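Structure file model-v8.cif; described as mmCIF, C-alpha atoms and all ligand atoms.
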data_data
loop_
_atom_site.label_atom_id
_atom_site.label_comp_id
_atom_site.auth_asym_id
_atom_site.auth_seq_id
_atom_site.Cartn_x
_atom_site.Cartn_y
_atom_site.Cartn_z
CA MET H 1 -15.23 -15.39 0.25
CA ALA H 2 -12.83 -13.82 2.70
CA ALA H 3 -11.11 -10.60 1.68
CA ARG H 4 -7.60 -10.80 0.33
CA ILE H 5 -5.38 -8.82 2.70
CA VAL H 6 -2.64 -6.78 1.06
CA VAL H 7 0.11 -4.75 2.73
CA LEU H 8 2.09 -1.97 1.03
CA ALA H 9 5.49 -2.45 2.61
CA ASN H 10 8.85 -0.71 2.36
CA GLN H 11 10.82 0.35 5.42
CA LYS H 12 12.12 3.34 3.52
CA GLY H 13 10.18 6.56 4.03
CA GLY H 14 8.50 8.52 1.28
CA VAL H 15 8.48 5.79 -1.38
CA GLY H 16 4.76 5.96 -2.18
CA LYS H 17 3.21 3.48 0.28
CA THR H 18 0.44 5.80 1.38
CA THR H 19 -0.18 7.23 -2.08
CA THR H 20 -0.50 3.67 -3.38
CA ALA H 21 -2.66 2.52 -0.47
CA ILE H 22 -5.16 5.35 -0.98
CA ASN H 23 -5.24 5.28 -4.75
CA LEU H 24 -5.11 1.54 -5.34
CA ALA H 25 -7.88 1.17 -2.75
CA ALA H 26 -9.98 3.86 -4.43
CA SER H 27 -9.34 2.43 -7.91
CA LEU H 28 -10.42 -1.05 -6.80
CA ALA H 29 -13.56 0.45 -5.23
CA MET H 30 -14.31 2.27 -8.49
CA MET H 31 -14.16 -1.16 -10.13
CA GLU H 32 -16.91 -2.27 -7.76
CA LYS H 33 -14.75 -4.16 -5.33
CA MET H 34 -15.61 -3.68 -1.67
CA VAL H 35 -12.43 -2.34 -0.05
CA LEU H 36 -11.29 -1.60 3.51
CA LEU H 37 -8.19 0.56 3.90
CA ILE H 38 -6.42 0.32 7.23
CA ASP H 39 -4.18 3.21 8.18
CA PHE H 40 -1.56 1.41 10.24
CA ASP H 41 0.93 4.27 10.50
CA PRO H 42 1.10 6.69 13.46
CA GLN H 43 1.69 9.47 10.91
CA GLY H 44 -1.94 9.01 9.87
CA HIS H 45 -1.34 10.06 6.28
CA SER H 46 -3.94 7.73 4.76
CA THR H 47 -6.41 9.15 7.26
CA THR H 48 -5.80 12.82 6.52
CA GLY H 49 -5.35 11.99 2.82
CA LEU H 50 -8.95 10.80 2.75
CA GLY H 51 -10.14 13.87 4.58
CA PHE H 52 -10.53 12.54 8.12
CA PRO H 53 -9.06 13.99 11.31
CA LYS H 54 -6.59 11.77 13.17
CA PRO H 55 -8.53 9.74 15.74
CA ASP H 56 -7.80 9.52 19.45
CA GLN H 57 -7.04 6.30 21.34
CA ARG H 58 -10.66 5.17 21.37
CA ALA H 59 -11.05 5.16 17.62
CA GLY H 60 -8.93 3.88 14.78
CA SER H 61 -6.30 1.20 14.50
CA PHE H 62 -4.89 1.73 18.00
CA ALA H 63 -8.29 0.82 19.44
CA LEU H 64 -8.51 -2.09 16.98
CA MET H 65 -5.24 -3.49 18.29
CA LYS H 66 -6.50 -3.01 21.84
CA GLY H 67 -9.53 -5.21 21.24
CA ALA H 68 -12.23 -2.79 20.06
CA PRO H 69 -14.48 -4.48 17.49
CA ALA H 70 -13.40 -3.60 13.94
CA LYS H 71 -16.96 -2.85 12.83
CA ALA H 72 -17.28 -0.02 15.35
CA LEU H 73 -14.18 1.71 13.97
CA ILE H 74 -14.97 1.72 10.25
CA LEU H 75 -15.56 5.03 8.47
CA THR H 76 -17.32 5.41 5.14
CA THR H 77 -15.55 7.59 2.58
CA GLU H 78 -16.59 9.70 -0.37
CA VAL H 79 -15.80 6.71 -2.61
CA PRO H 80 -18.89 4.48 -2.50
CA MET H 81 -17.25 1.07 -1.97
CA LEU H 82 -14.24 2.27 0.00
CA GLN H 83 -14.23 2.26 3.80
CA MET H 84 -11.38 2.86 6.22
CA ILE H 85 -10.06 2.50 9.74
CA PRO H 86 -8.05 5.65 10.54
CA ALA H 87 -4.87 6.07 12.60
CA GLY H 88 -3.24 8.72 14.73
CA LYS H 89 -0.03 9.16 16.67
CA ASP H 90 -1.22 6.98 19.57
CA LEU H 91 -0.43 4.02 17.39
CA ALA H 92 3.30 4.65 17.99
CA GLN H 93 2.82 3.56 21.60
CA LEU H 94 1.91 0.15 20.27
CA GLU H 95 5.39 -0.37 18.85
CA PHE H 96 6.72 -0.53 22.43
CA GLU H 97 3.89 -2.59 23.83
CA LEU H 98 4.17 -5.19 21.08
CA PHE H 99 7.94 -5.22 21.49
CA GLU H 100 7.71 -5.98 25.19
CA LEU H 101 5.14 -8.69 24.61
CA PRO H 102 5.97 -9.96 21.14
CA GLU H 103 2.60 -10.67 19.66
CA LEU H 104 2.37 -10.92 15.89
CA GLN H 105 -1.18 -12.18 15.40
CA VAL H 106 -3.13 -9.28 16.92
CA LEU H 107 -4.09 -7.55 13.67
CA ARG H 108 -4.85 -10.78 11.90
CA LYS H 109 -7.28 -11.85 14.62
CA ALA H 110 -8.85 -8.39 14.79
CA LEU H 111 -9.63 -8.51 11.06
CA GLU H 112 -11.18 -11.97 11.04
CA VAL H 113 -14.62 -10.62 11.92
CA VAL H 114 -14.76 -8.24 8.95
CA GLN H 115 -12.95 -10.33 6.37
CA ASP H 116 -16.15 -11.63 4.82
CA ASP H 117 -17.51 -8.11 4.29
CA TYR H 118 -14.81 -7.07 1.78
CA ASP H 119 -13.11 -8.18 -1.41
CA PHE H 120 -9.84 -6.54 -0.38
CA ILE H 121 -8.30 -5.15 2.77
CA LEU H 122 -5.30 -2.87 2.17
CA ILE H 123 -2.88 -1.97 4.97
CA ASP H 124 -0.66 1.14 4.98
CA PRO H 125 2.17 0.56 7.51
CA PRO H 126 4.88 2.95 8.74
CA PRO H 127 8.40 3.20 7.27
CA SER H 128 10.05 0.65 9.56
CA LEU H 129 10.36 -3.08 10.01
CA GLY H 130 9.19 -2.90 13.62
CA MET H 131 6.38 -4.70 15.37
CA ILE H 132 3.62 -2.71 13.66
CA THR H 133 4.86 -3.72 10.20
CA LEU H 134 5.43 -7.31 11.38
CA ASN H 135 1.82 -7.45 12.55
CA ALA H 136 0.72 -6.21 9.12
CA LEU H 137 2.87 -8.81 7.32
CA THR H 138 1.52 -11.53 9.58
CA ALA H 139 -2.06 -10.53 8.78
CA ALA H 140 -1.52 -10.30 5.02
CA ASP H 141 -1.95 -12.68 2.12
CA GLU H 142 0.19 -10.55 -0.13
CA VAL H 143 2.80 -7.81 0.01
CA ILE H 144 3.26 -5.12 -2.64
CA VAL H 145 6.52 -3.16 -2.47
CA PRO H 146 6.38 0.41 -3.79
CA MET H 147 9.81 1.49 -5.00
CA PRO H 148 10.75 4.90 -6.39
CA CYS H 149 12.77 5.02 -9.60
CA GLU H 150 15.80 6.52 -7.90
CA PHE H 151 19.45 5.68 -7.85
CA PHE H 152 19.39 4.00 -4.43
CA ALA H 153 16.11 2.23 -5.07
CA LEU H 154 17.44 -1.29 -4.51
CA ASP H 155 19.18 -0.29 -1.27
CA GLY H 156 17.44 -1.85 1.69
CA LEU H 157 15.40 -4.17 -0.46
CA ALA H 158 17.45 -7.21 0.62
CA GLU H 159 16.52 -6.46 4.24
CA LEU H 160 12.84 -6.22 3.36
CA ILE H 161 12.92 -9.48 1.41
CA GLU H 162 14.71 -11.19 4.30
CA THR H 163 11.98 -9.95 6.65
CA ILE H 164 9.28 -11.25 4.30
CA ARG H 165 11.05 -14.66 4.21
CA ARG H 166 11.20 -14.80 7.99
CA VAL H 167 7.50 -14.04 8.26
CA GLN H 168 6.79 -16.75 5.68
CA ALA H 169 8.96 -19.24 7.56
CA GLY H 170 7.40 -18.27 10.89
CA PRO H 171 4.07 -16.70 11.70
CA ASN H 172 2.57 -16.45 8.19
CA PRO H 173 3.31 -19.13 5.57
CA ARG H 174 0.43 -17.75 3.39
CA LEU H 175 2.27 -14.50 2.67
CA GLN H 176 2.98 -14.04 -1.05
CA MET H 177 5.12 -11.52 -2.85
CA GLY H 178 2.55 -9.70 -4.98
CA GLY H 179 5.04 -7.55 -6.81
CA ILE H 180 7.27 -4.51 -6.89
CA LEU H 181 5.63 -1.28 -8.00
CA LEU H 182 7.83 1.37 -9.61
CA THR H 183 6.73 4.76 -8.31
CA MET H 184 7.66 8.41 -8.88
CA ALA H 185 9.02 7.57 -12.33
CA GLU H 186 10.47 10.55 -14.17
CA GLU H 187 9.47 9.84 -17.70
CA ARG H 188 11.80 12.40 -19.17
CA THR H 189 15.04 11.25 -17.57
CA ASN H 190 17.36 8.42 -18.51
CA LEU H 191 18.00 7.66 -14.86
CA GLY H 192 14.37 6.71 -14.26
CA ALA H 193 14.40 4.34 -17.22
CA ALA H 194 17.76 2.88 -16.17
CA VAL H 195 16.57 2.21 -12.63
CA ALA H 196 13.35 0.67 -13.90
CA GLN H 197 15.36 -1.63 -16.15
CA GLU H 198 17.72 -2.57 -13.32
CA VAL H 199 14.85 -3.47 -11.00
CA ARG H 200 13.10 -5.50 -13.71
CA GLN H 201 16.33 -7.42 -14.36
CA ALA H 202 16.95 -8.05 -10.67
CA PHE H 203 13.37 -9.32 -10.13
CA PRO H 204 12.17 -10.86 -13.38
CA GLY H 205 8.42 -11.33 -13.50
CA LYS H 206 7.98 -9.65 -10.10
CA VAL H 207 7.67 -6.02 -11.21
CA PHE H 208 4.29 -4.65 -12.27
CA GLN H 209 4.14 -3.60 -15.93
CA THR H 210 2.27 -0.51 -14.77
CA PHE H 211 4.52 2.15 -13.24
CA ILE H 212 3.42 5.28 -11.43
CA PRO H 213 4.79 8.50 -12.96
CA ARG H 214 5.77 11.47 -10.87
CA ASN H 215 2.63 13.55 -11.11
CA ILE H 216 1.81 16.70 -9.17
CA ARG H 217 -1.88 15.77 -8.88
CA LEU H 218 -0.89 12.75 -6.76
CA ALA H 219 0.87 15.05 -4.32
CA GLU H 220 -1.96 17.61 -4.30
CA ALA H 221 -4.93 15.28 -3.88
CA PRO H 222 -4.31 14.44 -0.15
CA SER H 223 -4.50 18.12 0.80
CA HIS H 224 -8.03 18.05 -0.63
CA GLY H 225 -8.79 14.87 1.31
CA LYS H 226 -9.47 12.89 -1.85
CA PRO H 227 -8.03 10.03 -3.84
CA VAL H 228 -6.55 11.41 -7.03
CA ALA H 229 -9.33 9.97 -9.20
CA PHE H 230 -11.84 12.15 -7.30
CA TYR H 231 -9.59 15.19 -7.58
CA ASP H 232 -8.50 14.95 -11.21
CA LEU H 233 -9.66 11.79 -12.95
CA ARG H 234 -7.90 12.62 -16.18
CA SER H 235 -4.48 13.18 -14.59
CA LYS H 236 -1.68 10.75 -15.38
CA GLY H 237 -1.53 9.79 -11.71
CA ALA H 238 -5.20 8.81 -11.56
CA GLN H 239 -4.96 6.85 -14.79
CA ALA H 240 -1.80 5.06 -13.63
CA TYR H 241 -3.48 3.82 -10.44
CA LEU H 242 -6.55 2.70 -12.37
CA ASN H 243 -4.24 0.77 -14.70
CA LEU H 244 -2.45 -0.75 -11.72
CA ALA H 245 -5.77 -1.89 -10.25
CA ARG H 246 -6.68 -3.48 -13.59
CA GLU H 247 -3.32 -5.23 -13.91
CA TRP H 248 -3.43 -6.45 -10.32
CA LEU H 249 -7.03 -7.70 -10.58
CA GLY H 250 -5.95 -9.61 -13.69
CA GLN H 251 -3.25 -11.34 -11.62
CA GLN H 252 -5.79 -12.24 -8.94
CA VAL H 253 -8.00 -13.96 -11.51
CA VAL H 254 -5.06 -16.01 -12.80
CA ALA H 255 -3.98 -16.93 -9.26
CA LEU H 256 -7.50 -18.03 -8.32
CA SER H 257 -7.89 -20.24 -11.36
CA GLU H 258 -4.51 -21.85 -10.58
CA GLU H 259 -5.72 -22.63 -7.08
CA ARG H 260 -8.67 -24.62 -8.35
N1 LIG H 301 3.91 9.47 -8.11
C1 LIG H 301 4.04 10.56 -7.36
N2 LIG H 301 4.17 11.78 -7.93
C2 LIG H 301 4.32 12.88 -7.18
N3 LIG H 301 4.34 12.89 -5.85
C3 LIG H 301 4.21 11.71 -5.21
C4 LIG H 301 4.05 10.48 -5.92
N4 LIG H 301 3.93 9.47 -5.04
C5 LIG H 301 4.03 10.04 -3.82
N5 LIG H 301 4.20 11.37 -3.91
C6 LIG H 301 4.39 12.32 -2.80
O1 LIG H 301 5.61 11.96 -2.16
C7 LIG H 301 5.48 12.03 -0.75
C8 LIG H 301 5.73 10.63 -0.14
O2 LIG H 301 4.74 9.74 -0.63
P1 LIG H 301 3.94 8.77 0.35
O3 LIG H 301 3.44 9.52 1.53
O4 LIG H 301 2.96 8.02 -0.46
O5 LIG H 301 5.12 7.80 0.78
P2 LIG H 301 5.18 6.79 2.01
O6 LIG H 301 6.06 5.67 1.57
O7 LIG H 301 3.82 6.45 2.48
O8 LIG H 301 5.90 7.68 3.12
P3 LIG H 301 6.10 7.27 4.67
O9 LIG H 301 7.17 6.24 4.65
O10 LIG H 301 6.51 8.53 5.36
O11 LIG H 301 4.79 6.74 5.15
C9 LIG H 301 4.08 12.54 -0.49
O12 LIG H 301 4.14 13.93 -0.33
C10 LIG H 301 3.32 12.20 -1.76
O13 LIG H 301 2.25 13.08 -2.00
MG MG H 302 3.00 6.57 4.40
#

Once you've parsed the file, please lay out its structure as structure tokens.
Ligand SMILES: Nc1ncnc2c1ncn2[C@@H]1O[C@H](COP(=O)(O)OP(=O)(O)OP(=O)(O)O)[C@@H](O)[C@H]1O
Ligand SMILES: [Mg+2]
Amino acid sequence: MAARIVVLANQKGGVGKTTTAINLAASLAMMEKMVLLIDFDPQGHSTTGLGFPKPDQRAGSFALMKGAPAKALILTTEVPMLQMIPAGKDLAQLEFELFELPELQVLRKALEVVQDDYDFILIDPPPSLGMITLNALTAADEVIVPMPCEFFALDGLAELIETIRRVQAGPNPRLQMGGILLTMAEERTNLGAAVAQEVRQAFPGKVFQTFIPRNIRLAEAPSHGKPVAFYDLRSKGAQAYLNLAREWLGQQVVALSEER
């Protein structure tokens, strides 16, 4: 069966997209799912976070978008069932090229040839709603929105949801809202709990039960080039992402049985 393609989207910076991309991908792989992580951000944080140097124009997602075969760009990682396509700053150039020649289906077509090799393909886009993110949303079956438990959390969400609707109404009717993931939760503060409650009320049934606590190990792991579970398995951060993977896989099973 073809891989389910999932994009971690939020146009706000620093909300936990990359942390979630790396650690959800690694957690799924640890549960024996075959996973491809695509770094689709010129910042290349998923790439360096898994211990790889940023690639030049001939390798990585820039080359993928320029027609290089996906299979030639895939790197194997320390996690047995996790592979990745890296990204570097060249990818930023693509934002202009795609803008001049609006083309939303490039990524989707580029992934077709590898879709049967994986259970899941996760995409880590940049903090913007530009052409790179639109290509990711057009390629995806599902979008997960990481959202920090902060006072302004819901700010900007309307814009993101409007963008998702437009993609659904236009280039990608298959796109589903997978859920909102509360990240960077301060367990000891009332504010964190209040924000979590506000988000759950605003989006009933759309917020993952699992939340990701603020945990120093999650911030440290990328500097060691490892997913947190390979850096400190017993940390709260590692356990939270394993729980998220379990919860999310449970949803997939329900969704599949509904399809039949
Ligand atoms: N739960 C957490 N606990 C502690 N630190 C975290 C947590 N989640 C993310 N961080 C740290 O916060 C910073 C921003 O996280 P991350 O890079 O995942 O966000 P992002 O949404 O991908 O950012 P960008 O929009 O720039 O791509 C990083 O330094 C990361 O290590
Ligand atoms: Mg990021």

Original post:
Got a sec to check which residues lie within 6 Å of ligand MG 302 (chain H), using all atoms listed in the file, and send them as a list of chain:residue names?
Top reply: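 Final answer, ordered by chain and number: H:Lys17, H:Thr18, H:His45, H:Pro126.
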
**OP:** Between H:Ala185, H:Val254, H:Leu160, H:Leu191, single out the one closest to ligand LIG 301 (chain H), counting only C-alpha atoms and all ligand atoms.
**Re:**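 Looking only at the distances to ligand LIG 301 (chain H), the closest residue turns out to be H:Ala185.
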
Cut-off 6 Å, all atoms listed in the file, neighbours of ligand LIG 301 (chain H) as a PDB file with C-alpha atoms, in the coordinates of the input:
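What landed in out.pdb:
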ATOM      1  CA  LYS H  12      12.120   3.340   3.520  1.00  0.00           C
ATOM      2  CA  GLY H  13      10.180   6.560   4.030  1.00  0.00           C
ATOM      3  CA  GLY H  14       8.500   8.520   1.280  1.00  0.00           C
ATOM      4  CA  VAL H  15       8.480   5.790  -1.380  1.00  0.00           C
ATOM      5  CA  GLY H  16       4.760   5.960  -2.180  1.00  0.00           C
ATOM      6  CA  LYS H  17       3.210   3.480   0.280  1.00  0.00           C
ATOM      7  CA  THR H  18       0.440   5.800   1.380  1.00  0.00           C
ATOM      8  CA  THR H  19      -0.180   7.230  -2.080  1.00  0.00           C
ATOM      9  CA  PRO H 126       4.880   2.950   8.740  1.00  0.00           C
ATOM     10  CA  PRO H 127       8.400   3.200   7.270  1.00  0.00           C
ATOM     11  CA  THR H 183       6.730   4.760  -8.310  1.00  0.00           C
ATOM     12  CA  MET H 184       7.660   8.410  -8.880  1.00  0.00           C
ATOM     13  CA  ILE H 212       3.420   5.280 -11.430  1.00  0.00           C
ATOM     14  CA  PRO H 213       4.790   8.500 -12.960  1.00  0.00           C
ATOM     15  CA  ARG H 214       5.770  11.470 -10.870  1.00  0.00           C
ATOM     16  CA  ASN H 215       2.630  13.550 -11.110  1.00  0.00           C
ATOM     17  CA  ILE H 216       1.810  16.700  -9.170  1.00  0.00           C
ATOM     18  CA  LEU H 218      -0.890  12.750  -6.760  1.00  0.00           C
ATOM     19  CA  ALA H 219       0.870  15.050  -4.320  1.00  0.00           C
TER      20      ALA H 219
END

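Using all atoms listed in the file, the shortest contact distance between Leu249 (chain H) and any of H:Glu32, H:Glu198, H:Glu186, H:Glu220 is found at H:Glu32.
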
**OP:** Might you pull out every residue within 12 Å of Val114 (chain H), with all atoms listed in the file counted and same-chain residues fewer than 5 positions away left off, and present them as number ranges by chain?
**Re:** H: 1-5, 34-36, 64, 69-74, 83-85, 107-109, 119-121

Subject >> Expected residue set, 12 Å radius at (14.5, -6.3, -0.1), only C-alpha atoms, as a ChimeraX atom specification >> reply: /H:9-12,129,143-147,153-165,177,179-180,199,202-203

Original post:
So which one's closest to Ser61 (chain H), H:Gly225, H:Pro125, H:Gly192, H:Gly237? Using all atoms listed in the file, please.
Top reply: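 The shortest atom-to-atom distance to Ser61 (chain H) comes from H:Pro125.
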
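Comparing the minimum interatomic distances between Met131 (chain H) and each of H:Phe40, H:Arg58, H:Gly49, H:Gly67, counting only C-alpha atoms, we find that H:Phe40 sits nearest.
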
Original post:
Within 7 Å of region 194-196 of chain H, counting all atoms listed in the file, which residues qualify if same-chain residues fewer than 6 places away don't, as a list in words?
Top reply: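 Non-adjacent residues within range: Cys149, Glu150 and Phe151 of chain H.
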
**OP:** Take CA of Phe208 (chain H) and CA of Thr189 (chain H) and report the distance between them in Å, one decimal.
**Re:**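 Computed distance, CA of Phe208 (chain H) to CA of Thr189 (chain H), equals 19.9 Å.
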
Subject >> Proximity to Pro148 (chain H) - best of H:Met81, H:Lys54, H:Lys89, H:Ala193, only C-alpha atoms >> reply: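 Of H:Met81, H:Lys54, H:Lys89, H:Ala193, the one nearest Pro148 (chain H), counting only C-alpha atoms, is H:Ala193.
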
Original post:
Which one is closest to Ser223 (chain H): H:Thr20, H:Thr47, H:Gln252, H:Gln176? Count all atoms listed in the file.
Top reply: H:Thr47

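Between CA of Pro204 (chain H) and CA of Val253 (chain H) there is a distance of 20.5 Å.
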
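Of note, CA of Val113 (chain H) and CA of Ala229 (chain H) are spaced 30.0 Å apart.
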
Original post:
Gly178 (chain H): which residues within 9 Å, counting all atoms listed in the file, same-chain residues fewer than 6 positions away excluded, as a ChimeraX atom specification?
Top reply: /H:6,141-145,206-207,248,251

I need the residues from that last selection saved to file as an mmCIF file, keeping the file's coordinate frame (with C-alpha atoms), if you can.
data_model
loop_
_atom_site.group_PDB
_atom_site.id
_atom_site.type_symbol
_atom_site.label_atom_id
_atom_site.label_comp_id
_atom_site.auth_asym_id
_atom_site.auth_seq_id
_atom_site.Cartn_x
_atom_site.Cartn_y
_atom_site.Cartn_z
ATOM 1 C CA VAL H 6 -2.640 -6.780 1.060
ATOM 2 C CA ASP H 141 -1.950 -12.680 2.120
ATOM 3 C CA GLU H 142 0.190 -10.550 -0.130
ATOM 4 C CA VAL H 143 2.800 -7.810 0.010
ATOM 5 C CA ILE H 144 3.260 -5.120 -2.640
ATOM 6 C CA VAL H 145 6.520 -3.160 -2.470
ATOM 7 C CA LYS H 206 7.980 -9.650 -10.100
ATOM 8 C CA VAL H 207 7.670 -6.020 -11.210
ATOM 9 C CA TRP H 248 -3.430 -6.450 -10.320
ATOM 10 C CA GLN H 251 -3.250 -11.340 -11.620
#

**OP:** With a distance cut-off of 9 Å and only C-alpha atoms, select the neighbouring residues of His224 (chain H), excluding the residue or stretch itself and same-chain residues fewer than 2 positions from it, and output the selection as JSON, numbers by chain.
**Re:** {"H": [49, 50, 51, 220, 221, 222, 226, 227, 231]}

So for region 23-27 of chain H, what box centre and size do we get, axis-aligned, 6 Å extra on each of the six sides, every listed atom, Å to one decimal, as AutoDock Vina command-line options?
--center_x -7.5 --center_y 3.2 --center_z -5.3 --size_x 16.9 --size_y 16.1 --size_z 17.2
